[in-house]
Amino acid sequence: MRPPSVDSLARSIADVGLPHPLLVDAARAAIAAGDADGARAIAEATRAALLRPVINATGVLLHTNLGRAPLGVAQPASYTNLELDVATGKRGSRRDRAGSLLARACGAEAALVVNNGAGAVLLALAALARGSGVAVSRGELVEIGGGFRVPEVMSESGARLVEVGTTNRTRRDDYALVSGDVALLLKVHQSNYRITGFTEDASVSDIASIGPPVIVDLGSGLLDTACPWLPSGPPAWLRDEPAARQTLESGAALVVFSGDKLLGGPQAGVLAGRADLVDACARHPLYRALRPGGLVLGALEEVALAYLERDGDRIPFWRMATVAADALRTRADAIGRGKVVDCASVTGGGTLPGIEIPSVGLALDGDITAALRAARPKPVIARVDDDRTILDLRTVEPADDELLAAAIA
């Protein structure tokens, strides 16, 4: 039997909603496989693989696979004054807005934004210690998700790693012994693991007086341990999470953190601290390769303004993270599907390992996660625990409750 023409088969599945060239690709693949009827399934799979909104019912607030912190910022179709000084009509700098606001929010002299946290570490080391030594505790030579390893990033920056202390115990004297041979003292937050037992760690305040500038990779991006943007103050689950403001007050010359973790913004990396060090990073050639575009900077501006206005409700991460369990239970009762259960959320994204936040969700017998991922218009991403599918409402926007109920049904 003669196969159908590629063009006619592509046109017959136009309702899938893909551009015609992609429908042609699906048609050709199906015909080549000897299954013309499979063209629609191929086209639908192509469409399903594109970026689109999903309902996060996993209870992981900063789910790396789902984009970490959810963003509530929209950019209209318009030119912006990204690098224009409107007052003078002359060229301006993209550093002057989001960076300045974030510096003000965390008590730094200046701040600089790049495209992600690893880029911020790379830029700081390249700009401030290329060809020189950088002291790091052996207990902080971490690897985080995606294969980010401190020694490898340091090597790429041109700086020379100087290991001090041991895996479980590093003292002030360990840093002091190498202070004449290094340009920086680097501390790296153990964001996704903990060493317990027979341990000792030199604090920022311990080593700040040694001499070389102290740079601290905070990772998670908490701005202030007091959480002034939350009416009830810091939640108990934050515990001893280090924050940018207090780390700088302890003597750090520069802190580095991510934009899409506890900051609750877009993917970005932030360097904040002494103005001379930030300026040196901004003048380095790598900055041009690592700098973000207007969309990221615009989103970070909105996030920084929310912090300065002490309005945590405008930041979706903090709104979700701090909602009361009773409010979640009320929503679960209203959804009316499955069994209402107590459960536990986590921050995720390599932050606060081992810390759980009490939550409420819905439980359904068996593993139905594949069916939930097939839900339309938004796939639902859930988790399985003890042969039950758990939908944790802490990470579900209330506006999506009806869609969640329909997906369960």
# chains A, B, ... in the order shown; residues from 1 in each chain; ligands from 1
>>> select_by_dssp(residues="segment 104-296 of chain A", states="alpha helix (DSSP H)", output="MDAnalysis selection string")
chainID A and resid 104:106 117:129 150:157 172:177 204:207 244:249 275:283 285:290 294:296
>>> residues_around(residues="Gly336 of chain A", least_positions_apart="3", cutoff="8 Å", atoms="only C-alpha atoms", output="list in words")
Ala332, Asp333 and Ala405 of chain A
>>> write_last_selection(atoms="N, CA and C atoms", output="PDB file, in the first residue's frame")
ATOM      1  N   ALA A 332      -7.708  21.390  51.089  1.00  0.00           N
ATOM      2  CA  ALA A 332      -7.796  19.962  50.801  1.00  0.00           C
ATOM      3  C   ALA A 332      -9.227  19.463  50.962  1.00  0.00           C
ATOM      4  N   ASP A 333      -9.907  19.923  52.009  1.00  0.00           N
ATOM      5  CA  ASP A 333     -11.314  19.539  52.217  1.00  0.00           C
ATOM      6  C   ASP A 333     -12.180  20.029  51.061  1.00  0.00           C
ATOM      7  N   ALA A 405      -8.149  19.157  41.125  1.00  0.00           N
ATOM      8  CA  ALA A 405      -9.305  18.288  41.352  1.00  0.00           C
ATOM      9  C   ALA A 405      -9.722  17.572  40.061  1.00  0.00           C
TER      10      ALA A 405
END
>>> residues_around(residues="Ala299 of chain A", least_positions_apart="5", cutoff="10 Å", atoms="only C-alpha atoms", output="list in words")
Leu71, Gly72, Val73, Ala74, Gln75, Ala98, Gly265, Pro266, Gln267, Gly294 and Ala304 of chain A
>>> write_last_selection(atoms="N, CA and C atoms", output="PDB file, in the first residue's frame")
ATOM      1  N   LEU A  71       8.126  32.092  39.689  1.00  0.00           N
ATOM      2  CA  LEU A  71       8.205  33.532  39.467  1.00  0.00           C
ATOM      3  C   LEU A  71       6.821  34.119  39.240  1.00  0.00           C
ATOM      4  N   GLY A  72       6.567  35.270  39.855  1.00  0.00           N
ATOM      5  CA  GLY A  72       5.299  35.965  39.657  1.00  0.00           C
ATOM      6  C   GLY A  72       5.493  37.296  38.977  1.00  0.00           C
ATOM      7  N   VAL A  73       6.474  37.382  38.060  1.00  0.00           N
ATOM      8  CA  VAL A  73       6.800  38.652  37.404  1.00  0.00           C
ATOM      9  C   VAL A  73       6.549  38.512  35.910  1.00  0.00           C
ATOM     10  N   ALA A  74       5.873  39.490  35.319  1.00  0.00           N
ATOM     11  CA  ALA A  74       5.606  39.499  33.881  1.00  0.00           C
ATOM     12  C   ALA A  74       6.251  40.733  33.258  1.00  0.00           C
ATOM     13  N   GLN A  75       6.784  40.574  32.045  1.00  0.00           N
ATOM     14  CA  GLN A  75       7.446  41.676  31.348  1.00  0.00           C
ATOM     15  C   GLN A  75       6.611  42.053  30.119  1.00  0.00           C
ATOM     16  N   ALA A  98      19.039  46.592  39.591  1.00  0.00           N
ATOM     17  CA  ALA A  98      18.830  45.401  40.426  1.00  0.00           C
ATOM     18  C   ALA A  98      19.965  45.229  41.428  1.00  0.00           C
ATOM     19  N   GLY A 265      13.726  34.507  43.378  1.00  0.00           N
ATOM     20  CA  GLY A 265      13.709  35.205  42.104  1.00  0.00           C
ATOM     21  C   GLY A 265      14.038  34.299  40.936  1.00  0.00           C
ATOM     22  N   PRO A 266      14.485  34.875  39.816  1.00  0.00           N
ATOM     23  CA  PRO A 266      14.854  34.084  38.638  1.00  0.00           C
ATOM     24  C   PRO A 266      16.235  33.484  38.800  1.00  0.00           C
ATOM     25  N   GLN A 267      16.610  32.587  37.897  1.00  0.00           N
ATOM     26  CA  GLN A 267      17.965  32.054  37.917  1.00  0.00           C
ATOM     27  C   GLN A 267      18.942  33.201  37.734  1.00  0.00           C
ATOM     28  N   GLY A 294      17.835  41.733  30.163  1.00  0.00           N
ATOM     29  CA  GLY A 294      16.850  42.613  30.772  1.00  0.00           C
ATOM     30  C   GLY A 294      15.715  41.898  31.475  1.00  0.00           C
ATOM     31  N   ALA A 304      13.541  42.456  44.540  1.00  0.00           N
ATOM     32  CA  ALA A 304      14.255  43.305  45.500  1.00  0.00           C
ATOM     33  C   ALA A 304      13.336  44.377  46.077  1.00  0.00           C
TER      34      ALA A 304
END
>>> atom_distance(atom1="atom CA of Ile210 of chain A", atom2="atom CA of Tyr175 of chain A")
7.9 Å
>>> select_by_dssp(residues="segment 299-405 of chain A", states="strand (DSSP E or B)", output="PyMOL selection string")
chain A and resi 339-346+348+351+357-366+380-381+383-385+388-392
>>> write_last_selection(atoms="C-alpha atoms", output="short mmCIF file (atom, residue, chain, number, x, y, z; two decimals), in the first residue's frame")
data_model
loop_
_atom_site.label_atom_id
_atom_site.label_comp_id
_atom_site.auth_asym_id
_atom_site.auth_seq_id
_atom_site.Cartn_x
_atom_site.Cartn_y
_atom_site.Cartn_z
CA LYS A 339 -7.86 11.31 51.58
CA VAL A 340 -6.71 14.42 53.44
CA VAL A 341 -3.36 13.63 55.12
CA ASP A 342 -0.62 15.32 57.07
CA CYS A 343 2.68 15.34 55.19
CA ALA A 344 5.98 17.22 55.07
CA SER A 345 7.36 19.68 52.54
CA VAL A 346 11.03 20.49 51.99
CA GLY A 348 14.81 21.57 48.00
CA THR A 351 18.94 24.17 50.68
CA ILE A 357 7.98 21.87 56.94
CA PRO A 358 4.66 20.46 58.24
CA SER A 359 2.10 20.38 55.45
CA VAL A 360 -1.22 18.91 54.32
CA GLY A 361 -2.02 17.06 51.14
CA LEU A 362 -4.20 14.50 49.43
CA ALA A 363 -3.41 10.78 49.25
CA LEU A 364 -4.62 8.37 46.58
CA ASP A 365 -4.01 4.62 46.48
CA GLY A 366 -1.29 3.34 44.18
CA VAL A 380 0.43 17.58 37.73
CA ILE A 381 3.73 16.47 39.27
CA ARG A 383 5.29 12.00 44.61
CA VAL A 384 4.80 8.40 45.74
CA ASP A 385 5.15 7.33 49.38
CA ARG A 388 0.28 6.05 47.77
CA THR A 389 0.37 9.09 45.50
CA ILE A 390 0.75 12.20 47.65
CA LEU A 391 -0.24 15.65 46.40
CA ASP A 392 1.25 18.21 48.79
#
>>> closest_residue(among="A:Gly298, A:Leu161, A:Ala110, A:Asp260", to="Gly67 of chain A", atoms="only C-alpha atoms")
A:Asp260
>>> atom_distance(atom1="atom CA of Leu305 of chain A", atom2="atom CA of Ala105 of chain A")
8.6 Å
>>> residues_around(residues="Arg160 of chain A", least_positions_apart="4", cutoff="7 Å", atoms="only C-alpha atoms", output="PyMOL selection string")
chain A and resi 131-134+154-155
